[in-house]
Structures are given as structure tokens and as C-alpha cells.
>>> print(open('protein.txt').read())   # compact mmCIF, C-alpha atoms
# COMPACT_ATOMS: atom_id res chain seq x y z
CA MET A 1 -172.75 -33.29 3.01
CA ALA A 2 -174.65 -30.11 3.87
CA LYS A 3 -172.84 -27.78 6.21
CA HIS A 4 -174.64 -26.46 9.28
CA ILE A 5 -174.60 -22.92 10.65
CA LEU A 6 -173.13 -22.91 14.14
CA ARG A 7 -174.26 -19.96 16.26
CA CYS A 8 -172.83 -19.74 19.75
CA THR A 9 -170.75 -17.52 21.99
CA VAL A 10 -166.99 -18.02 22.09
CA ASN A 11 -165.08 -16.04 24.71
CA ASP A 12 -168.06 -13.70 25.10
CA GLU A 13 -168.24 -12.91 21.34
CA PRO A 14 -171.29 -14.10 19.39
CA ILE A 15 -170.07 -16.12 16.43
CA GLU A 16 -171.64 -17.64 13.35
CA VAL A 17 -169.67 -20.14 11.30
CA LEU A 18 -170.39 -22.86 8.74
CA VAL A 19 -169.27 -26.29 9.93
CA GLN A 20 -169.40 -29.83 8.59
CA PRO A 21 -171.81 -32.04 10.58
CA TYR A 22 -169.03 -34.41 11.63
CA VAL A 23 -166.56 -31.78 12.87
CA THR A 24 -165.67 -31.65 16.56
CA LEU A 25 -165.84 -28.47 18.63
CA LEU A 26 -162.06 -28.68 19.03
CA ASP A 27 -161.50 -28.69 15.27
CA ALA A 28 -164.00 -25.86 14.72
CA LEU A 29 -162.22 -23.75 17.36
CA ARG A 30 -158.76 -24.46 15.96
CA GLU A 31 -159.41 -24.62 12.21
CA ASP A 32 -162.34 -22.27 11.67
CA LEU A 33 -161.91 -19.74 14.49
CA GLY A 34 -158.12 -19.77 14.78
CA LEU A 35 -158.18 -20.50 18.52
CA THR A 36 -155.23 -22.87 18.78
CA GLY A 37 -154.96 -22.73 22.59
CA PRO A 38 -156.97 -25.93 23.06
CA LYS A 39 -154.80 -28.83 21.83
CA GLU A 40 -155.53 -32.27 20.47
CA GLY A 41 -153.50 -34.76 22.48
CA CYS A 42 -155.29 -38.08 22.25
CA GLY A 43 -158.57 -37.24 20.50
CA THR A 44 -160.42 -39.67 22.78
CA GLY A 45 -160.98 -37.62 25.94
CA ASP A 46 -158.19 -39.23 27.95
CA CYS A 47 -155.61 -36.43 28.10
CA GLY A 48 -157.56 -33.21 28.76
CA ALA A 49 -155.36 -31.03 26.51
CA CYS A 50 -158.52 -29.94 24.63
CA THR A 51 -160.38 -28.81 27.77
CA VAL A 52 -162.66 -25.78 27.25
CA HIS A 53 -165.65 -24.56 29.23
CA LEU A 54 -169.11 -25.22 27.80
CA ASP A 55 -171.72 -23.17 29.67
CA GLY A 56 -169.10 -22.68 32.38
CA GLU A 57 -168.27 -26.36 32.90
CA PRO A 58 -165.10 -28.11 31.72
CA VAL A 59 -165.45 -30.54 28.81
CA ALA A 60 -163.17 -32.47 26.48
CA SER A 61 -163.82 -30.51 23.27
CA CYS A 62 -162.49 -33.39 21.14
CA LEU A 63 -165.60 -35.38 22.18
CA VAL A 64 -168.13 -32.64 21.45
CA LEU A 65 -169.57 -32.20 17.97
CA ALA A 66 -169.28 -28.55 16.96
CA MET A 67 -173.04 -28.37 16.43
CA GLN A 68 -173.62 -29.55 20.01
CA ALA A 69 -172.30 -26.14 21.08
CA ARG A 70 -175.14 -24.36 19.26
CA GLU A 71 -176.80 -21.64 21.34
CA ARG A 72 -174.30 -22.31 24.12
CA SER A 73 -171.35 -20.45 25.56
CA VAL A 74 -167.78 -21.64 24.97
CA ARG A 75 -164.69 -20.35 26.74
CA THR A 76 -161.18 -21.29 25.68
CA ILE A 77 -157.83 -20.44 27.24
CA GLU A 78 -157.79 -17.36 24.98
CA GLY A 79 -160.81 -16.07 26.93
CA LEU A 80 -159.50 -16.75 30.43
CA ALA A 81 -157.48 -13.55 30.82
CA LYS A 82 -159.48 -10.35 31.01
CA GLY A 83 -157.09 -7.45 30.36
CA THR A 84 -154.32 -8.73 32.61
CA LEU A 85 -153.34 -12.37 33.08
CA HIS A 86 -155.76 -14.51 35.11
CA PRO A 87 -154.32 -15.23 38.60
CA LEU A 88 -153.89 -18.87 37.54
CA GLN A 89 -151.85 -17.85 34.48
CA ASP A 90 -149.84 -15.44 36.62
CA ALA A 91 -149.09 -18.15 39.19
CA PHE A 92 -148.12 -20.61 36.43
CA VAL A 93 -145.76 -18.08 34.82
CA ARG A 94 -144.14 -17.03 38.09
CA GLY A 95 -143.77 -20.63 39.24
CA GLY A 96 -142.24 -21.73 35.93
CA ILE A 97 -144.87 -24.46 35.66
CA PRO A 98 -144.95 -25.02 31.88
CA GLN A 99 -142.23 -27.36 30.71
CA CYS A 100 -143.15 -28.41 27.16
CA GLY A 101 -146.40 -26.47 27.66
CA PHE A 102 -148.70 -28.67 25.58
CA CYS A 103 -151.01 -29.62 28.47
CA ILE A 104 -151.10 -26.18 30.08
CA PRO A 105 -154.15 -24.61 28.31
CA GLY A 106 -156.22 -27.64 29.34
CA VAL A 107 -154.86 -27.70 32.88
CA LEU A 108 -155.61 -23.99 33.32
CA MET A 109 -159.21 -24.43 32.15
CA ALA A 110 -159.67 -27.44 34.46
CA ALA A 111 -158.11 -25.45 37.32
CA ALA A 112 -160.36 -22.47 36.60
CA ALA A 113 -163.35 -24.82 36.96
CA VAL A 114 -162.02 -26.01 40.34
CA LEU A 115 -161.72 -22.39 41.52
CA GLY A 116 -165.24 -21.69 40.24
CA ARG A 117 -166.53 -24.39 42.60
CA HIS A 118 -164.17 -23.98 45.57
CA ALA A 119 -162.77 -20.56 46.54
CA ARG A 120 -160.12 -22.22 48.75
CA PRO A 121 -159.72 -25.72 47.30
CA THR A 122 -157.96 -28.45 49.26
CA GLU A 123 -155.12 -30.36 47.62
CA GLU A 124 -157.51 -33.28 47.16
CA GLN A 125 -160.09 -31.07 45.43
CA ILE A 126 -157.40 -29.70 43.11
CA ARG A 127 -156.06 -33.14 42.26
CA TYR A 128 -159.60 -34.45 41.67
CA GLY A 129 -160.32 -31.48 39.38
CA ILE A 130 -157.20 -31.87 37.23
CA ALA A 131 -157.12 -35.68 37.26
CA GLY A 132 -158.39 -35.62 33.68
CA ASN A 133 -155.32 -33.71 32.49
CA LEU A 134 -152.18 -35.60 31.58
CA CYS A 135 -148.82 -33.83 31.78
CA ARG A 136 -146.14 -35.90 30.08
CA CYS A 137 -143.46 -33.72 31.71
CA THR A 138 -145.11 -34.87 35.00
CA GLY A 139 -145.13 -31.42 36.58
CA TYR A 140 -148.15 -32.05 38.79
CA THR A 141 -146.75 -31.09 42.21
CA LYS A 142 -145.86 -27.55 41.15
CA MET A 143 -149.21 -27.21 39.37
CA VAL A 144 -151.07 -28.01 42.59
CA ALA A 145 -148.96 -25.44 44.45
CA ALA A 146 -149.59 -22.77 41.79
CA ILE A 147 -153.35 -23.40 41.79
CA THR A 148 -153.39 -23.10 45.60
CA GLU A 149 -151.44 -19.85 45.34
CA ALA A 150 -153.79 -18.48 42.66
CA ALA A 151 -156.81 -19.28 44.86
CA ALA A 152 -155.21 -17.37 47.75
CA SER A 153 -154.37 -14.34 45.58
CA MET A 154 -157.92 -14.27 44.18
CA GLN A 155 -159.30 -14.24 47.73
CA GLU A 156 -156.99 -11.38 48.69
CA GLU A 157 -158.19 -9.53 45.61
CA THR A 158 -161.82 -9.98 46.69
CA LEU A 159 -161.09 -8.83 50.24
CA ARG A 160 -159.19 -5.76 49.09
CA MET B 1 -163.61 -38.62 11.77
CA ARG B 2 -165.76 -40.50 9.28
CA ARG B 3 -168.36 -38.38 7.55
CA PHE B 4 -172.02 -38.48 8.54
CA GLU B 5 -175.14 -36.35 8.33
CA LEU B 6 -176.36 -34.84 11.58
CA ALA B 7 -179.99 -34.55 12.69
CA LEU B 8 -180.79 -31.96 15.37
CA PRO B 9 -184.22 -32.80 16.84
CA ARG B 10 -185.80 -30.34 19.30
CA SER B 11 -188.44 -32.62 20.80
CA ILE B 12 -189.08 -36.27 21.60
CA ASP B 13 -191.58 -36.39 18.71
CA ASP B 14 -188.86 -35.09 16.35
CA CYS B 15 -186.54 -37.84 17.61
CA LEU B 16 -189.13 -40.55 17.01
CA LYS B 17 -189.87 -39.24 13.51
CA ILE B 18 -186.19 -39.28 12.55
CA LEU B 19 -185.70 -42.71 14.16
CA SER B 20 -188.64 -44.15 12.22
CA GLU B 21 -187.18 -42.79 8.96
CA ARG B 22 -183.49 -43.48 9.57
CA GLY B 23 -183.25 -45.62 12.71
CA SER B 24 -181.41 -48.50 11.05
CA ASP B 25 -178.90 -46.06 9.51
CA ALA B 26 -178.44 -43.86 12.56
CA LYS B 27 -176.69 -43.69 15.91
CA VAL B 28 -178.03 -41.50 18.68
CA VAL B 29 -175.54 -39.22 20.42
CA ALA B 30 -176.10 -37.73 23.89
CA GLY B 31 -172.81 -36.94 25.67
CA GLY B 32 -170.70 -38.46 22.89
CA THR B 33 -167.92 -39.69 25.17
CA ASP B 34 -168.46 -43.30 24.13
CA LEU B 35 -169.75 -42.71 20.60
CA LEU B 36 -167.22 -40.21 19.28
CA PRO B 37 -164.15 -42.40 19.88
CA GLN B 38 -165.96 -45.19 18.01
CA LEU B 39 -166.82 -42.86 15.13
CA LYS B 40 -163.20 -41.68 15.04
CA ASN B 41 -161.62 -45.13 15.00
CA GLY B 42 -164.12 -46.45 12.44
CA LEU B 43 -165.69 -49.08 14.72
CA LEU B 44 -169.04 -47.44 13.92
CA LYS B 45 -169.88 -46.05 10.48
CA PRO B 46 -173.44 -44.69 10.66
CA PRO B 47 -174.58 -42.53 7.72
CA TRP B 48 -176.62 -40.46 10.21
CA VAL B 49 -176.10 -39.26 13.77
CA ILE B 50 -179.03 -37.94 15.82
CA ASP B 51 -178.01 -35.39 18.46
CA LEU B 52 -180.19 -35.32 21.59
CA SER B 53 -178.61 -32.19 23.08
CA GLY B 54 -181.45 -29.98 21.79
CA VAL B 55 -184.15 -31.98 23.58
CA ALA B 56 -184.44 -30.42 27.05
CA ALA B 57 -187.09 -32.92 28.21
CA LEU B 58 -184.47 -35.69 28.19
CA ARG B 59 -182.25 -33.83 30.67
CA THR B 60 -184.67 -33.61 33.59
CA LEU B 61 -184.00 -35.27 36.94
CA HIS B 62 -187.17 -35.64 39.02
CA ASN B 63 -186.41 -36.56 42.57
CA GLY B 64 -188.48 -38.66 44.72
CA ASN B 65 -190.25 -37.23 47.73
CA GLY B 66 -190.73 -40.89 48.58
CA HIS B 67 -191.72 -41.90 45.06
CA GLY B 68 -188.32 -42.70 43.68
CA LEU B 69 -186.21 -41.05 41.00
CA ARG B 70 -187.05 -40.39 37.38
CA ILE B 71 -183.84 -39.81 35.49
CA GLY B 72 -183.85 -38.41 31.97
CA PRO B 73 -181.42 -40.37 29.79
CA ALA B 74 -179.42 -37.21 28.95
CA VAL B 75 -178.79 -36.39 32.62
CA THR B 76 -175.01 -36.30 32.98
CA ALA B 77 -172.82 -38.32 35.30
CA ARG B 78 -171.65 -35.00 36.74
CA ALA B 79 -175.24 -33.97 37.56
CA LEU B 80 -175.83 -37.28 39.39
CA GLU B 81 -172.47 -37.02 41.17
CA LEU B 82 -173.35 -33.55 42.51
CA ASP B 83 -177.09 -33.91 43.20
CA ALA B 84 -177.69 -33.70 46.96
CA ASP B 85 -180.76 -35.94 46.89
CA VAL B 86 -179.04 -38.64 44.83
CA ARG B 87 -175.96 -38.51 47.08
CA HIS B 88 -178.02 -38.89 50.22
CA HIS B 89 -180.71 -41.38 49.22
CA TYR B 90 -179.05 -43.25 46.33
CA PRO B 91 -175.37 -43.17 47.34
CA ALA B 92 -174.40 -46.17 45.18
CA LEU B 93 -175.61 -44.33 42.07
CA ALA B 94 -173.81 -41.09 43.02
CA GLU B 95 -170.63 -43.07 43.73
CA SER B 96 -170.73 -44.84 40.37
CA ALA B 97 -171.35 -41.57 38.51
CA ALA B 98 -168.38 -39.96 40.29
CA LEU B 99 -166.10 -42.75 39.00
CA VAL B 100 -166.85 -42.24 35.31
CA GLY B 101 -163.87 -40.82 33.37
CA SER B 102 -162.72 -37.39 34.57
CA VAL B 103 -164.58 -34.14 35.30
CA GLN B 104 -164.29 -33.26 31.60
CA ILE B 105 -165.89 -36.61 30.69
CA ARG B 106 -168.55 -36.63 33.42
CA THR B 107 -169.76 -33.18 32.36
CA LEU B 108 -170.61 -34.72 28.97
CA ALA B 109 -171.29 -38.42 29.66
CA THR B 110 -174.92 -39.35 30.29
CA VAL B 111 -176.63 -42.11 32.23
CA GLY B 112 -178.63 -43.09 29.13
CA GLY B 113 -175.45 -43.34 27.09
CA ASN B 114 -173.83 -45.48 29.76
CA LEU B 115 -176.80 -47.90 29.67
CA CYS B 116 -177.50 -47.87 25.90
CA ASN B 117 -173.86 -48.43 24.96
CA ALA B 118 -174.24 -51.55 27.12
CA SER B 119 -170.61 -52.12 27.90
CA PRO B 120 -170.26 -55.01 30.41
CA SER B 121 -168.17 -52.61 32.54
CA ALA B 122 -170.64 -49.68 32.54
CA ASP B 123 -170.26 -48.15 36.01
CA MET B 124 -173.80 -46.82 36.40
CA ALA B 125 -175.44 -50.14 35.48
CA PRO B 126 -174.80 -52.13 38.71
CA PRO B 127 -176.25 -49.51 41.11
CA LEU B 128 -179.32 -49.08 38.90
CA LEU B 129 -179.74 -52.89 38.75
CA ALA B 130 -179.37 -53.09 42.53
CA LEU B 131 -181.99 -50.33 42.88
CA ASP B 132 -184.36 -52.36 40.66
CA ALA B 133 -184.62 -49.57 38.05
CA GLU B 134 -186.80 -49.78 34.97
CA ALA B 135 -186.07 -48.47 31.48
CA VAL B 136 -188.99 -46.51 30.03
CA ILE B 137 -188.76 -46.87 26.27
CA VAL B 138 -190.74 -44.96 23.66
CA GLY B 139 -191.26 -45.88 20.02
CA PRO B 140 -193.81 -45.74 17.23
CA ARG B 141 -195.94 -48.32 19.06
CA GLY B 142 -196.05 -46.26 22.25
CA GLN B 143 -194.27 -46.70 25.57
CA ARG B 144 -193.06 -49.84 27.25
CA ARG B 145 -191.29 -50.43 30.55
CA VAL B 146 -188.47 -52.95 30.77
CA PRO B 147 -186.81 -53.95 34.05
CA LEU B 148 -183.16 -53.03 33.72
CA ALA B 149 -182.30 -56.68 34.43
CA SER B 150 -183.87 -57.51 31.02
CA PHE B 151 -182.56 -54.40 29.21
CA PHE B 152 -179.10 -55.74 28.41
CA VAL B 153 -178.95 -58.50 25.81
CA GLY B 154 -175.23 -58.93 25.17
CA VAL B 155 -171.99 -57.03 24.79
CA ARG B 156 -173.06 -53.58 23.50
CA GLU B 157 -176.57 -54.90 22.79
CA THR B 158 -179.86 -53.88 24.40
CA VAL B 159 -183.56 -54.54 23.81
CA LEU B 160 -183.92 -51.13 22.11
CA ALA B 161 -185.20 -51.47 18.55
CA ASP B 162 -183.82 -49.20 15.80
CA ASP B 163 -186.88 -46.93 15.98
CA GLU B 164 -187.03 -46.72 19.79
CA LEU B 165 -185.58 -44.23 22.27
CA LEU B 166 -184.79 -44.57 25.98
CA LEU B 167 -187.13 -41.99 27.51
CA GLU B 168 -186.45 -42.30 31.22
CA ILE B 169 -184.88 -44.45 33.90
CA ALA B 170 -187.36 -45.01 36.73
CA VAL B 171 -185.84 -45.87 40.11
CA PRO B 172 -188.24 -46.94 42.88
CA SER B 173 -187.69 -45.52 46.34
CA PRO B 174 -185.53 -47.96 48.33
CA GLY B 175 -187.46 -47.11 51.53
CA PRO B 176 -186.27 -45.57 54.80
CA ARG B 177 -184.18 -48.48 56.15
CA SER B 178 -182.14 -49.08 53.02
CA GLY B 179 -178.54 -48.46 52.07
CA GLY B 180 -176.35 -48.99 49.05
CA ASN B 181 -172.75 -48.81 47.92
CA TYR B 182 -170.79 -49.17 44.65
CA LEU B 183 -167.10 -50.03 44.42
CA ARG B 184 -164.95 -50.94 41.47
CA HIS B 185 -161.39 -52.06 41.07
CA THR B 186 -159.18 -50.18 38.63
CA PRO B 187 -155.38 -49.94 38.54
CA ARG B 188 -155.66 -46.13 38.67
CA ARG B 189 -158.46 -44.06 40.19
CA GLU B 190 -159.38 -41.81 37.26
CA LEU B 191 -160.02 -42.40 33.58
CA ASP B 192 -160.05 -46.15 33.82
CA ILE B 193 -162.44 -48.98 33.09
CA ALA B 194 -163.64 -51.34 35.84
CA VAL B 195 -161.81 -54.65 36.08
CA VAL B 196 -164.80 -55.56 38.28
CA GLY B 197 -167.57 -53.39 39.72
CA VAL B 198 -170.04 -54.41 42.44
CA ALA B 199 -173.13 -52.60 43.75
CA SER B 200 -175.06 -53.74 46.81
CA GLN B 201 -178.38 -52.45 48.14
CA LEU B 202 -179.78 -53.77 51.46
CA THR B 203 -183.16 -53.02 53.02
CA LEU B 204 -183.79 -53.91 56.67
CA ALA B 205 -187.02 -54.66 58.52
CA ASP B 206 -187.48 -56.06 62.04
CA GLY B 207 -183.77 -56.67 62.47
CA VAL B 208 -183.40 -58.84 59.37
CA CYS B 209 -182.70 -58.26 55.70
CA ALA B 210 -186.02 -57.62 53.95
CA GLN B 211 -184.41 -57.26 50.54
CA ALA B 212 -180.92 -57.63 49.13
CA ARG B 213 -179.81 -56.80 45.62
CA ILE B 214 -176.28 -57.27 44.37
CA ALA B 215 -175.16 -56.46 40.82
CA LEU B 216 -171.85 -57.04 39.09
CA ALA B 217 -170.05 -55.31 36.22
CA ALA B 218 -167.32 -56.59 33.89
CA VAL B 219 -167.68 -60.27 34.78
CA ALA B 220 -170.21 -61.38 32.11
CA PRO B 221 -171.36 -60.24 28.64
CA THR B 222 -173.86 -57.94 30.41
CA PRO B 223 -174.08 -56.42 33.89
CA VAL B 224 -175.70 -59.15 36.04
CA ARG B 225 -177.52 -59.66 39.35
CA ALA B 226 -176.06 -62.12 41.87
CA THR B 227 -179.36 -63.76 42.79
CA ALA B 228 -178.01 -66.70 44.82
CA ALA B 229 -176.20 -64.27 47.11
CA GLU B 230 -179.32 -62.10 47.37
CA ASP B 231 -181.50 -65.11 48.30
CA ALA B 232 -179.04 -66.22 50.99
CA LEU B 233 -179.35 -62.83 52.74
CA THR B 234 -183.10 -62.26 52.44
CA GLY B 235 -185.04 -63.01 55.62
CA HIS B 236 -181.92 -63.41 57.77
CA ALA B 237 -179.88 -61.25 60.13
CA VAL B 238 -177.02 -59.60 58.24
CA THR B 239 -174.10 -60.85 60.34
CA PRO B 240 -170.45 -60.73 59.23
CA ALA B 241 -170.71 -64.49 58.59
CA ALA B 242 -173.82 -63.96 56.43
CA ILE B 243 -171.96 -61.31 54.43
CA GLU B 244 -169.00 -63.68 53.92
CA ARG B 245 -171.37 -66.40 52.72
CA ALA B 246 -173.15 -64.00 50.35
CA ALA B 247 -169.82 -62.77 48.96
CA ASP B 248 -168.83 -66.36 48.18
CA LEU B 249 -172.19 -66.94 46.47
CA ALA B 250 -171.87 -63.72 44.44
CA VAL B 251 -168.92 -65.32 42.65
CA GLU B 252 -171.34 -67.90 41.19
CA ALA B 253 -173.02 -65.19 39.11
CA ALA B 254 -169.70 -64.21 37.52
CA ARG B 255 -168.69 -65.67 34.16
CA PRO B 256 -165.56 -63.60 33.64
CA ILE B 257 -163.11 -63.66 30.76
CA SER B 258 -159.36 -63.21 31.01
CA ASP B 259 -158.05 -60.15 29.21
CA HIS B 260 -155.44 -57.42 29.55
CA ARG B 261 -157.33 -55.94 32.51
CA GLY B 262 -157.28 -59.10 34.58
CA SER B 263 -157.55 -62.89 34.57
CA ALA B 264 -160.84 -64.68 35.16
CA ASP B 265 -159.54 -65.93 38.53
CA PHE B 266 -158.53 -62.42 39.61
CA ARG B 267 -161.98 -61.14 38.62
CA ARG B 268 -163.70 -63.86 40.69
CA HIS B 269 -161.49 -62.89 43.64
CA LEU B 270 -162.45 -59.23 43.16
CA VAL B 271 -166.17 -60.09 43.09
CA ARG B 272 -165.84 -61.76 46.50
CA VAL B 273 -163.85 -58.87 48.01
CA LEU B 274 -165.99 -56.08 46.56
CA ALA B 275 -169.24 -57.88 47.42
CA ARG B 276 -168.10 -58.16 51.03
CA ARG B 277 -167.06 -54.51 51.21
CA THR B 278 -170.15 -53.11 49.49
CA LEU B 279 -172.50 -55.25 51.62
CA THR B 280 -170.75 -54.05 54.78
CA THR B 281 -171.08 -50.39 53.77
CA ALA B 282 -174.66 -50.89 52.53
CA LEU B 283 -175.57 -52.42 55.91
CA ALA B 284 -174.08 -49.49 57.85
CA ARG B 285 -175.95 -47.03 55.63
CA ALA B 286 -179.24 -48.96 56.00
CA ARG B 287 -178.85 -48.83 59.77
CA ASN B 288 -178.31 -45.07 59.54
CA GLY B 289 -181.46 -44.73 57.45
CA ARG B 290 -179.74 -43.52 54.30
CA GLY B 291 -182.55 -44.75 52.05
CA GLU B 292 -185.29 -42.43 50.86
CA ASP B 293 -187.99 -41.65 53.40
>>> encode(input="protein.txt", output="C-alpha cells")
Amino acid sequence: MAKHILRCTVNDEPIEVLVQPYVTLLDALREDLGLTGPKEGCGTGDCGACTVHLDGEPVASCLVLAMQARERSVRTIEGLAKGTLHPLQDAFVRGGIPQCGFCIPGVLMAAAAVLGRHARPTEEQIRYGIAGNLCRCTGYTKMVAAITEAAASMQEETLR
Amino acid sequence: MRRFELALPRSIDDCLKILSERGSDAKVVAGGTDLLPQLKNGLLKPPWVIDLSGVAALRTLHNGNGHGLRIGPAVTARALELDADVRHHYPALAESAALVGSVQIRTLATVGGNLCNASPSADMAPPLLALDAEAVIVGPRGQRRVPLASFFVGVRETVLADDELLLEIAVPSPGPRSGGNYLRHTPRRELDIAVVGVASQLTLADGVCAQARIALAAVAPTPVRATAAEDALTGHAVTPAAIERAADLAVEAARPISDHRGSADFRRHLVRVLARRTLTTALARARNGRGED
């Protein structure tokens, strides 16, 4: 099977990597690029642990062929913080949100997409936006609170 | 994942060329949310996969201005969910798109994939049937148009030949005094598959129902229209009693199976309830002029 050359942007860096035609974006990120933040939970799009942004929108990277990301921009949890922790990460750390932690990279990327669409999201908008992320420790209530807090601190930052 | 070769066409002509060479050995992938799980679990074992993501022409959504919608097959559920024109004039379609999977799935999943995978429970099929949509199909012998009601042949089977591609879904304008609604029953709201789905579209004229279309998901091998219920409404005032009668008749179109999602009797009950609710909402929207003008 002939490998393909995947050219795309990952966390703002242009990359070029040889991939098998049948490899998922998740596997290319983890195995070929060493970005192990996105996790494989179910492998069928049900759990959201593999959530990354593709052209700024959240997707289940276990359901994307690596070559479908060609000429597109990918952002993983590793690219969420810029210098200091992203306000969402900060709120999750301070609130002690991660329990086992496996779902957290996906939840943060889904939450970042919610904040990209709504500067001050309602609880319903937050729950709708992270409904595709399963947390087996069932820590949803504190997640919603932390996302609300992060939205508020980002607004303060903009006003300052 | 099973191994396969991947074709990356950049145009519709490229797609047709590859399909004519390898159509019988290939599966087409758009969003991949239905196909990839089947490639992973070995249900499908195609030697070739043809990726449509490089063909921009398949992602266009042309909205109406009174002439209906033309939806490219690779338009995503998320795009339909968020499109202001679709939400306002084709609310049943926007509602069905918003129910698919989760945000992460809807950003990938396409309307063409939902139709071509031809699951009996496909959420976007009933609203498009109720809107009298047509599938525009292209192949080596040119284009043909197939009413969506004739597009589905059986469970996961459509009229598409191996060398053909779904080019567009054409949705006629429902007119100014028309309204629609889609509801489904699932045990949980997100990431679930319809136990039953019902779409209704009503058009009013001179105080009576000029046209009624009702379509059902997950109660037959294909999505189906409930024609007896439609006929009972057409030409009459849409009273609560008429809606009750139509909801009872809608059950006649259902040929449900019993499975882990629900018994056949429960599904028939759901058809009646969801038909009543969607007709009631469709009527209110038609009176408010929610159709395209």
C-alpha cells in the first residue's frame, strides 16, 4: 500500500508526514507526531476523548482519515495554551476538575469551541457543546462551572 | 482498521472517472462518521476508498430566494443546523440535522452520507421526504433525478449504481403558508439512534390543508411516507380531530420490527404520538408563515 504525504498545519506549525491511506487523524497525531493529548476512548465517535479542532471546529479525530486533514489546520490540546495556560485549563486546574483525566483533553477542546461561538455561554449552551464528551468519573457539574468561570475570566481579560 | 487504498479526487469528473474504474471495489467517504466505524469493525472491506473532501463543489448550499434549496451532498449536518435560511424556512430539516450525533459528529457528518448510507433511522431522511426532495444523481450516462421517495431500496440500499454519485439534493420551496417539524424518540438526547422519527410538513390555502406530507423513520426497511394520513388531511380544515385521525392513519404506514431499541407495538405508539405532535407544530408554523416566501 503506497503511503501518502500529508501536508497540513498542526498547532500552527506546518507539517509534512508520510501516512498510510487507512490511518486515522487520531493515530497520525499520536503515533507519527507524538501528540498524545487526544485519546482513543471508543474509536467510534461516541466518547469525544479524541476531540481536536479541524479548521477551528471540533471533530472526533478517530473518525477522520489522516489524509482528510490535508491542506487544513488541526489544533490539539497541546496547541490550546499559548505561553501560559488557557483560561479553560486554568479553571480546570484550580477547580480540581480532572479525576482520572482521560476525557479532559477532549472536553477542553469541545469547551474551547463553545467559547469560540458564545462569549458568555448559558449552562444549556455549555451542556449542548460538551454533550459529545463522556466522563466516566461523571464530573460534569464541576466542568460546567469551570467553563462558565473561564468564560467570565476571558471577558474580564478583554475588558482590561 | 482494515487496509485500503485511498483515492483523493479534486473534481466531480475525477470522482466519476475513479468510480467507473473502481466503483464495484470502492466505498465513497464524505464525513466518515458512518463509514469509518464499519471499516473498523470489518462490516465493510472495500479495497478502495474515495474521499470527497477535496471536491469543493459538493459542499455548496444554495438557498432558495423562493426557488427552494440545492444542497450539496457533502454539506454537513452542522452547516444545516446553523444556517439561518434553513432554520427559518425549512425548520424540520434544521431540527433533524441538530439531532445527529454530537457537535463533533455533526461537524463531520454530511447530508449525502446520511441518505446514501440509507439506514432506516437516518434522521435527515424524513424531513427531506416530507419536503418532497429529489436526489440529483450523476454517472457515466449523465444526470438523472430521482424523487427521494424512490431513492431508498432497502436497509442500507439505494438506487445508486456502483459508478454513480449523488450530486445534489434539490428541495422545492414549500411556499409561504407552509410549516414543518421533525421529532424523534430516543432514550437520551445526544448520540443516540431514533427509536422512531416523524417529520410533518403542512401547506395551507383558503383555510384548509392544500398539501400534507408525513414521513417516518425506523419503522420500515426504508424511511417511508404515510400517504393514507396525508390523504385524510388534504382538502380539509386541520382541526385537532383531523390531526388525531391522521396520527392514527400514520400508524398504517409503519411496519416496525422489535429490537433492543423498542418493540413493534411501542414503535407504533410512538408513530401516533410523534405524528400528532409534529402535525400540531407544523400547523402553527404554517399559520405563522414559516415556509419560504
>>> residues_around(input="protein.txt", residues="A:Tyr128", least_positions_apart="2", cutoff="9 Å", atoms="all atoms listed in the file", output="PDB file with C-alpha atoms, in the coordinates of the input")
ATOM      1  CA  VAL A 114    -162.020 -26.010  40.340  1.00  0.00           C
ATOM      2  CA  GLU A 123    -155.120 -30.360  47.620  1.00  0.00           C
ATOM      3  CA  GLU A 124    -157.510 -33.280  47.160  1.00  0.00           C
ATOM      4  CA  GLN A 125    -160.090 -31.070  45.430  1.00  0.00           C
ATOM      5  CA  ILE A 126    -157.400 -29.700  43.110  1.00  0.00           C
ATOM      6  CA  ILE A 130    -157.200 -31.870  37.230  1.00  0.00           C
ATOM      7  CA  ALA A 131    -157.120 -35.680  37.260  1.00  0.00           C
ATOM      8  CA  GLY A 132    -158.390 -35.620  33.680  1.00  0.00           C
TER       9      GLY A 132
ATOM     10  CA  SER B 102    -162.720 -37.390  34.570  1.00  0.00           C
ATOM     11  CA  VAL B 103    -164.580 -34.140  35.300  1.00  0.00           C
ATOM     12  CA  GLU B 190    -159.380 -41.810  37.260  1.00  0.00           C
TER      13      GLU B 190
END
>>> interface_residues(input="protein.txt", of="chain B", to="chain A", cutoff="8 Å", atoms="only C-alpha atoms", output="PDB file with C-alpha atoms, in the coordinates of the input")
ATOM      1  CA  MET B   1    -163.610 -38.620  11.770  1.00  0.00           C
ATOM      2  CA  ARG B   2    -165.760 -40.500   9.280  1.00  0.00           C
ATOM      3  CA  ARG B   3    -168.360 -38.380   7.550  1.00  0.00           C
ATOM      4  CA  PHE B   4    -172.020 -38.480   8.540  1.00  0.00           C
ATOM      5  CA  GLU B   5    -175.140 -36.350   8.330  1.00  0.00           C
ATOM      6  CA  LEU B   6    -176.360 -34.840  11.580  1.00  0.00           C
ATOM      7  CA  GLY B  31    -172.810 -36.940  25.670  1.00  0.00           C
ATOM      8  CA  GLY B  32    -170.700 -38.460  22.890  1.00  0.00           C
ATOM      9  CA  THR B  33    -167.920 -39.690  25.170  1.00  0.00           C
ATOM     10  CA  LEU B  36    -167.220 -40.210  19.280  1.00  0.00           C
ATOM     11  CA  PRO B  37    -164.150 -42.400  19.880  1.00  0.00           C
ATOM     12  CA  ASP B  51    -178.010 -35.390  18.460  1.00  0.00           C
ATOM     13  CA  SER B  53    -178.610 -32.190  23.080  1.00  0.00           C
ATOM     14  CA  GLY B 101    -163.870 -40.820  33.370  1.00  0.00           C
ATOM     15  CA  SER B 102    -162.720 -37.390  34.570  1.00  0.00           C
ATOM     16  CA  VAL B 103    -164.580 -34.140  35.300  1.00  0.00           C
ATOM     17  CA  GLN B 104    -164.290 -33.260  31.600  1.00  0.00           C
ATOM     18  CA  ILE B 105    -165.890 -36.610  30.690  1.00  0.00           C
ATOM     19  CA  THR B 107    -169.760 -33.180  32.360  1.00  0.00           C
ATOM     20  CA  LEU B 108    -170.610 -34.720  28.970  1.00  0.00           C
ATOM     21  CA  GLU B 190    -159.380 -41.810  37.260  1.00  0.00           C
ATOM     22  CA  LEU B 191    -160.020 -42.400  33.580  1.00  0.00           C
TER      23      LEU B 191
END
>>> atom_distance(input="protein.txt", atom1="atom CA of B:Val198", atom2="atom CA of B:Val136")
24.0 Å
>>> closest_residue(input="protein.txt", among="A:Val107, A:Ala145, A:Ala119, A:Ala112", to="A:Ala49", atoms="all atoms listed in the file")
A:Val107
>>> atom_distance(input="protein.txt", atom1="atom CA of B:Val75", atom2="atom CA of B:Phe152")
19.8 Å
